[in-house]
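This is my_file-v1.txt. It holds compact mmCIF, C-alpha atoms and all ligand atoms.
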# COMPACT_ATOMS: atom_id res chain seq x y z
CA MET A 1 18.61 -4.62 12.47
CA GLU A 2 16.39 -5.07 9.48
CA LYS A 3 17.77 -4.47 5.98
CA LYS A 4 17.66 -0.95 4.59
CA LEU A 5 15.11 -0.24 1.87
CA ILE A 6 15.36 1.87 -1.26
CA ILE A 7 12.15 2.60 -3.20
CA ALA A 8 12.20 4.05 -6.72
CA ASN A 9 9.19 6.36 -7.12
CA TRP A 10 8.79 6.96 -10.85
CA LYS A 11 5.86 9.35 -10.30
CA MET A 12 4.06 9.98 -13.62
CA HIS A 13 6.76 8.47 -15.83
CA TYR A 14 6.80 5.30 -17.94
CA GLY A 15 3.73 3.61 -19.36
CA PRO A 16 3.63 -0.20 -19.69
CA ILE A 17 6.10 -0.46 -22.60
CA LYS A 18 8.80 1.79 -21.16
CA ALA A 19 8.28 0.33 -17.69
CA GLY A 20 8.90 -3.18 -19.01
CA ALA A 21 12.08 -2.00 -20.74
CA TRP A 22 13.28 -0.35 -17.50
CA ILE A 23 12.85 -3.60 -15.59
CA ARG A 24 14.66 -5.67 -18.23
CA ALA A 25 17.58 -3.21 -18.14
CA PHE A 26 17.61 -3.06 -14.34
CA ARG A 27 17.71 -6.83 -14.04
CA ARG A 28 21.24 -6.70 -15.49
CA GLU A 29 22.39 -4.57 -12.53
CA ARG A 30 24.31 -6.21 -9.71
CA LEU A 31 22.63 -5.39 -6.38
CA PRO A 32 23.91 -5.63 -2.81
CA LYS A 33 22.47 -8.71 -1.07
CA ASP A 34 21.64 -7.01 2.20
CA LEU A 35 19.46 -4.32 0.68
CA ASP A 36 15.72 -4.32 -0.05
CA VAL A 37 14.88 -2.60 -3.34
CA ALA A 38 11.41 -1.75 -4.65
CA VAL A 39 10.03 0.11 -7.62
CA ALA A 40 6.81 2.16 -7.67
CA PRO A 41 5.50 2.61 -11.23
CA PRO A 42 2.20 4.29 -12.18
CA PHE A 43 -0.87 2.06 -11.74
CA ILE A 44 -1.14 1.36 -15.45
CA SER A 45 2.39 -0.08 -15.56
CA LEU A 46 2.23 -2.33 -12.50
CA ALA A 47 1.12 -5.41 -14.46
CA SER A 48 3.77 -4.91 -17.11
CA VAL A 49 6.46 -4.57 -14.43
CA ARG A 50 5.20 -7.74 -12.76
CA ALA A 51 5.32 -9.59 -16.11
CA SER A 52 8.82 -8.29 -16.94
CA LEU A 53 10.07 -9.46 -13.55
CA GLY A 54 9.13 -13.07 -14.34
CA ARG A 55 10.25 -15.16 -11.41
CA ALA A 56 12.62 -12.51 -10.10
CA SER A 57 11.61 -11.15 -6.71
CA ILE A 58 13.87 -8.09 -6.88
CA PRO A 59 12.95 -5.32 -7.20
CA ALA A 60 9.80 -5.73 -5.12
CA LEU A 61 6.71 -3.97 -6.40
CA ALA A 62 5.28 -0.85 -4.81
CA SER A 63 2.29 1.29 -5.71
CA GLN A 64 2.21 5.08 -5.61
CA ASP A 65 -1.33 5.26 -4.27
CA VAL A 66 -4.50 3.30 -3.50
CA TYR A 67 -8.13 3.93 -2.48
CA TRP A 68 -9.29 2.80 0.96
CA GLU A 69 -12.49 0.97 -0.01
CA MET A 70 -12.19 -2.69 -0.97
CA GLU A 71 -14.71 -2.62 -3.85
CA GLY A 72 -17.59 -0.55 -5.17
CA LYS A 73 -18.79 2.40 -7.18
CA PHE A 74 -15.63 4.52 -7.15
CA THR A 75 -14.92 5.30 -10.80
CA GLY A 76 -11.23 5.56 -11.56
CA GLU A 77 -9.98 4.18 -8.26
CA VAL A 78 -7.79 1.15 -7.46
CA SER A 79 -8.41 -0.95 -4.35
CA PRO A 80 -6.05 -2.74 -1.94
CA PRO A 81 -7.19 -6.24 -3.06
CA MET A 82 -6.40 -5.31 -6.68
CA LEU A 83 -2.86 -4.40 -5.67
CA GLU A 84 -2.60 -7.54 -3.59
CA GLU A 85 -3.55 -9.65 -6.63
CA LEU A 86 -0.44 -8.33 -8.38
CA GLY A 87 1.84 -9.14 -5.45
CA ILE A 88 2.41 -5.53 -4.45
CA GLN A 89 4.48 -5.34 -1.28
CA TYR A 90 4.54 -1.62 -0.45
CA CYS A 91 2.29 1.35 -1.20
CA LEU A 92 2.96 5.05 -0.70
CA VAL A 93 0.28 7.05 1.08
CA GLY A 94 0.17 10.79 1.67
CA HIS A 95 2.94 11.72 -0.78
CA SER A 96 3.35 15.52 -0.78
CA GLU A 97 2.44 15.70 -4.48
CA ARG A 98 -0.86 13.97 -3.73
CA ARG A 99 -1.40 16.30 -0.76
CA LYS A 100 -0.67 19.34 -2.96
CA HIS A 101 -2.47 18.45 -6.20
CA PHE A 102 -5.13 15.89 -5.26
CA GLY A 103 -6.41 16.86 -1.83
CA GLU A 104 -4.75 14.05 0.14
CA THR A 105 -4.93 14.71 3.88
CA ASN A 106 -3.59 13.06 7.02
CA GLU A 107 -6.98 11.42 7.40
CA THR A 108 -7.15 9.96 3.86
CA ALA A 109 -3.54 8.78 4.16
CA ARG A 110 -4.44 7.05 7.44
CA LYS A 111 -7.50 5.35 5.94
CA LYS A 112 -5.41 4.09 3.04
CA ALA A 113 -2.72 2.76 5.41
CA ILE A 114 -5.28 0.79 7.42
CA ALA A 115 -6.92 -0.63 4.27
CA LEU A 116 -3.53 -1.69 2.91
CA GLN A 117 -2.56 -3.54 6.06
CA ALA A 118 -5.89 -5.40 5.93
CA VAL A 119 -4.68 -7.11 2.74
CA GLY A 120 -1.03 -7.50 3.78
CA ILE A 121 0.55 -4.54 1.96
CA SER A 122 3.02 -2.31 3.84
CA PRO A 123 1.99 1.34 3.87
CA VAL A 124 4.73 3.94 3.40
CA LEU A 125 3.36 7.08 5.05
CA CYS A 126 5.01 10.15 3.50
CA VAL A 127 5.39 13.26 5.63
CA GLY A 128 7.34 16.49 5.31
CA GLU A 129 7.23 20.25 5.79
CA THR A 130 7.06 22.99 3.16
CA VAL A 131 9.76 25.61 2.75
CA VAL A 132 7.59 28.18 4.55
CA GLU A 133 7.00 25.85 7.48
CA ARG A 134 10.76 25.29 7.78
CA ARG A 135 11.56 28.99 7.41
CA ASP A 136 9.07 29.85 10.14
CA GLY A 137 10.53 27.26 12.52
CA ASN A 138 7.50 24.98 12.22
CA ALA A 139 9.11 21.97 10.54
CA LEU A 140 9.11 19.72 13.60
CA LYS A 141 5.61 20.74 14.60
CA THR A 142 4.23 20.03 11.11
CA VAL A 143 5.84 16.64 10.72
CA ARG A 144 4.94 15.56 14.25
CA ALA A 145 1.28 16.41 13.56
CA GLN A 146 1.34 14.50 10.24
CA VAL A 147 2.81 11.40 11.88
CA ARG A 148 0.51 11.45 14.91
CA ALA A 149 -2.59 11.80 12.73
CA GLY A 150 -1.41 9.39 10.04
CA ILE A 151 -0.61 6.40 12.27
CA LYS A 152 -3.79 6.22 14.37
CA GLY A 153 -5.10 2.69 14.03
CA VAL A 154 -2.11 1.61 11.91
CA LYS A 155 -0.05 -1.37 13.10
CA PRO A 156 3.73 -1.07 13.40
CA ASP A 157 4.52 -4.72 12.79
CA GLY A 158 3.19 -8.00 11.42
CA LYS A 159 2.96 -9.11 7.82
CA ALA A 160 2.70 -5.56 6.51
CA PRO A 161 4.69 -3.30 8.82
CA LEU A 162 4.28 0.46 8.68
CA HIS A 163 7.02 2.51 7.00
CA ILE A 164 7.45 6.26 7.25
CA ALA A 165 9.20 8.40 4.63
CA TYR A 166 10.33 11.85 5.69
CA GLU A 167 10.40 13.96 2.53
CA PRO A 168 10.76 17.71 3.08
CA VAL A 169 8.69 19.26 0.28
CA TRP A 170 11.42 21.82 -0.55
CA ALA A 171 13.97 19.03 -1.10
CA ILE A 172 11.84 17.08 -3.59
CA GLY A 173 13.08 17.41 -7.16
CA SER A 174 14.98 20.58 -6.26
CA GLY A 175 18.55 19.30 -6.07
CA ARG A 176 18.58 20.76 -2.51
CA ALA A 177 18.84 17.64 -0.39
CA CYS A 178 18.28 18.00 3.34
CA SER A 179 21.41 17.85 5.52
CA PRO A 180 21.97 14.59 7.42
CA HIS A 181 21.92 16.67 10.62
CA ASP A 182 18.40 18.00 9.93
CA ILE A 183 17.17 14.58 8.86
CA ARG A 184 18.53 13.03 12.05
CA GLU A 185 16.71 15.62 14.14
CA MET A 186 13.46 14.90 12.31
CA HIS A 187 13.90 11.13 12.41
CA GLU A 188 14.52 11.30 16.18
CA ALA A 189 11.27 13.24 16.58
CA ILE A 190 9.42 10.66 14.46
CA ARG A 191 10.95 7.78 16.46
CA GLY A 192 9.83 9.48 19.67
CA ILE A 193 6.21 9.48 18.46
CA LEU A 194 6.50 5.87 17.30
CA ARG A 195 7.90 4.76 20.68
CA LYS A 196 5.07 6.50 22.48
CA ALA A 197 2.46 4.91 20.22
CA TYR A 198 3.94 1.43 19.85
CA GLY A 199 6.44 0.85 22.67
CA ALA A 200 9.11 -1.73 21.78
CA LYS A 201 7.37 -2.51 18.49
CA ALA A 202 8.36 0.94 17.22
CA SER A 203 11.65 -0.57 16.12
CA ASP A 204 9.77 -2.59 13.46
CA VAL A 205 8.97 0.64 11.60
CA ARG A 206 11.56 1.67 9.02
CA VAL A 207 11.94 5.44 8.66
CA LEU A 208 13.20 6.50 5.22
CA TYR A 209 14.42 9.80 3.81
CA GLY A 210 13.44 11.23 0.41
CA GLY A 211 14.30 14.43 -1.46
CA SER A 212 17.04 14.85 -4.10
CA VAL A 213 18.75 11.59 -3.16
CA ASP A 214 21.25 10.50 -5.83
CA GLU A 215 24.13 8.10 -6.34
CA HIS A 216 26.59 10.67 -4.91
CA ASN A 217 24.84 11.47 -1.61
CA ILE A 218 23.09 8.15 -0.87
CA LEU A 219 25.94 6.70 1.21
CA GLU A 220 26.00 9.68 3.54
CA TYR A 221 22.30 9.19 4.22
CA MET A 222 22.42 5.46 4.58
CA THR A 223 25.25 5.69 7.08
CA THR A 224 23.52 8.37 9.17
CA SER A 225 22.10 6.75 12.26
CA GLY A 226 18.33 6.53 12.29
CA ILE A 227 17.89 6.51 8.50
CA ASP A 228 16.58 3.10 7.40
CA GLY A 229 16.42 3.73 3.67
CA ALA A 230 15.51 6.14 0.89
CA LEU A 231 12.67 7.11 -1.42
CA VAL A 232 14.16 8.17 -4.74
CA GLY A 233 12.39 10.07 -7.53
CA THR A 234 14.44 11.67 -10.32
CA ALA A 235 17.54 9.52 -9.75
CA SER A 236 15.52 6.34 -10.25
CA LEU A 237 14.38 7.08 -13.80
CA ASP A 238 17.52 5.70 -15.42
CA PRO A 239 17.93 1.99 -14.58
CA ALA A 240 21.75 2.01 -14.78
CA ALA A 241 22.01 5.13 -12.57
CA PHE A 242 19.56 3.61 -10.10
CA GLY A 243 21.64 0.42 -10.07
CA ARG A 244 24.73 2.51 -9.25
CA LEU A 245 22.77 4.31 -6.52
CA CYS A 246 21.82 0.96 -4.94
CA ARG A 247 25.44 -0.25 -5.05
CA ALA A 248 26.69 3.06 -3.64
CA SER A 249 24.30 2.83 -0.71
CA ILE A 250 26.20 0.15 1.13
CA VAL A 251 29.84 -0.12 2.14
CA THR A 252 31.06 -3.49 0.94
P1 LIG B 301 13.32 13.42 -5.97
O1 LIG B 301 14.24 12.26 -5.69
O2 LIG B 301 13.18 13.70 -7.45
O3 LIG B 301 13.70 14.62 -5.18
O4 LIG B 301 11.85 12.98 -5.50
C1 LIG B 301 11.69 12.53 -4.20
C2 LIG B 301 10.33 11.97 -4.04
O5 LIG B 301 9.34 12.68 -4.04
C3 LIG B 301 10.21 10.53 -3.91
O6 LIG B 301 8.94 10.16 -3.49

Take the structure in the file and write it out as structure tokens.
Amino acid sequence: MEKKLIIANWKMHYGPIKAGAWIRAFRRERLPKDLDVAVAPPFISLASVRASLGRASIPALASQDVYWEMEGKFTGEVSPPMLEELGIQYCLVGHSERRKHFGETNETARKKAIALQAVGISPVLCVGETVVERRDGNALKTVRAQVRAGIKGVKPDGKAPLHIAYEPVWAIGSGRACSPHDIREMHEAIRGILRKAYGAKASDVRVLYGGSVDEHNILEYMTTSGIDGALVGTASLDPAAFGRLCRASIVT
């Protein structure tokens, strides 16, 4: 089984100066060997994080977004080759905040995922239902549709394997984490779609959970079968707390 992965998604926090300071503080943290750790700063701080890492390869670098064209007249956008130049390993696509505030759709997320794989960056396709969809009994239906539409033409394996992050919208930043039972049900549904689309290669896709994960509940998630890692927002903003979260994620 591949190592589990924890990605820190800082969202719109920390410009280049604060991001550099975070990395220097985090480098003092002891991390479990059999864990992959990545940090996703805002675009403007990616270069500063890369510089503060020096020769260190942990944490790996992730981006919070990308545009799907490789170059051209797209004012304000950042392309996959630009991320590749900085040694970015993972990139989120279709995060619920981008779907809600910036018009991201299953189709744009899919185009971004394909463009990322073309330059060797692993897409992390984020999916999840709203509180209304869960209340109305449509959670599984919504997430299944997001996954089916988002993975068309996306490869499961290779240099830049697909990742999926199940993040129920109502659990994000709310302190109301999803129960391991409900996550397992959703992850099984996602795995079913992956097996149908990719056959045996489906096992190359890591399926993460995100939504109010912290240092106290991480172990329960990471020891729930079918959960291959976590996407962490609020609890990643403090480097020492995020270090504790990483250590707490694995039984040593
Ligand atoms: P929180 O950990 O703050 O709930 O955010 C989760 C998230 O959206 C990570 O992408």

Exercise. Distance CA of His101 (chain A)-CA of Ala113 (chain A), one decimal place?
Worked result: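 Interatomic distance, CA of His101 (chain A) to CA of Ala113 (chain A): 19.5 Å.
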
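Using only C-alpha atoms and all ligand atoms, the smallest distance between any of A:Ala8, A:Leu208, A:Val147, A:Leu86 and ligand LIG 301 (chain B) comes from A:Ala8.
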
For this session: Name the residues in contact with Ile114 (chain A) at a cut-off of 9 Å, using all atoms listed in the file, excluding same-chain residues fewer than 6 positions from it; report them as an MDAnalysis selection string.
Result: chainID A and resid 68 123 151:155

Output C-alpha atoms of each residue in that selection to a file, as a tab-separated table (two decimals), in the coordinates of the input.
chain	number	residue	atom	x	y	z
A	68	TRP	CA	-9.29	2.80	0.96
A	123	PRO	CA	1.99	1.34	3.87
A	151	ILE	CA	-0.61	6.40	12.27
A	152	LYS	CA	-3.79	6.22	14.37
A	153	GLY	CA	-5.10	2.69	14.03
A	154	VAL	CA	-2.11	1.61	11.91
A	155	LYS	CA	-0.05	-1.37	13.10

Exercise. Within 9 Å of ligand LIG 301 (chain B), counting only C-alpha atoms and all ligand atoms: which residues, as JSON, numbers by chain?
Worked result: {"A": [7, 8, 9, 10, 11, 64, 92, 95, 96, 97, 126, 165, 167, 168, 169, 170, 171, 172, 173, 174, 175, 176, 177, 209, 210, 211, 212, 213, 214, 230, 231, 232, 233, 234, 235, 236]}

Problem set entry | Glu77 (chain A) environment, 9 Å, all atoms listed in the file, sequence neighbours closer than 3 positions dropped, as a list in words |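 In the requested format, the answer is Val66, Tyr67 and Phe74 of chain A.
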
For this session: Would you mind reading off the distance between CA of Tyr198 (chain A) and CA of Gly226 (chain A), one decimal, in Å?
Result: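 We find that CA of Tyr198 (chain A) and CA of Gly226 (chain A) lie 17.0 Å from each other.
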
Exercise. Any idea what's packed within 8 Å of Cys246 (chain A), counting all atoms listed in the file, ignoring anything in its chain fewer than 2 positions away? Could you give it as a PyMOL selection string?
Worked result: chain A and resi 6+31-32+37+215+242-244+248-250

Contacts of Lys3 (chain A) at 7 Å (all atoms listed in the file; same-chain gap of 3+ positions) as a compact mmCIF listing (two decimals) with C-alpha atoms, in the frame of the given file:
# COMPACT_ATOMS: atom_id res chain seq x y z
CA ASP A 34 21.64 -7.01 2.20
CA LEU A 35 19.46 -4.32 0.68
CA ASP A 36 15.72 -4.32 -0.05

Exercise. Using only C-alpha atoms, which of A:Ile23, A:Leu237, A:Met186, A:Leu162 sits nearest Lys201 (chain A)?
Worked result: A:Leu162

Exercise. Which one of A:Tyr14, A:Ile193, A:Cys178, A:Pro239 sits closest to Arg27 (chain A) if you count all atoms listed in the file?
Worked result: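 For Arg27 (chain A), the nearest of the given residues is A:Pro239.
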
For this session: Can you work out the spacing between CA of Asp157 (chain A) and CA of Pro42 (chain A) in Å, to one decimal?
Result: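 Result for CA of Asp157 (chain A) versus CA of Pro42 (chain A): 26.6 Å, one decimal.
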
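Neighbouring residues of Ser48 (chain A) at 10 Å or closer, counting all atoms listed in the file and skipping chain neighbours under 5 positions away, are Gly15, Pro16, Ile17, Lys18, Ala19, Gly20, Ala21, Ile23, Pro41, Phe43 and Leu53 of chain A.
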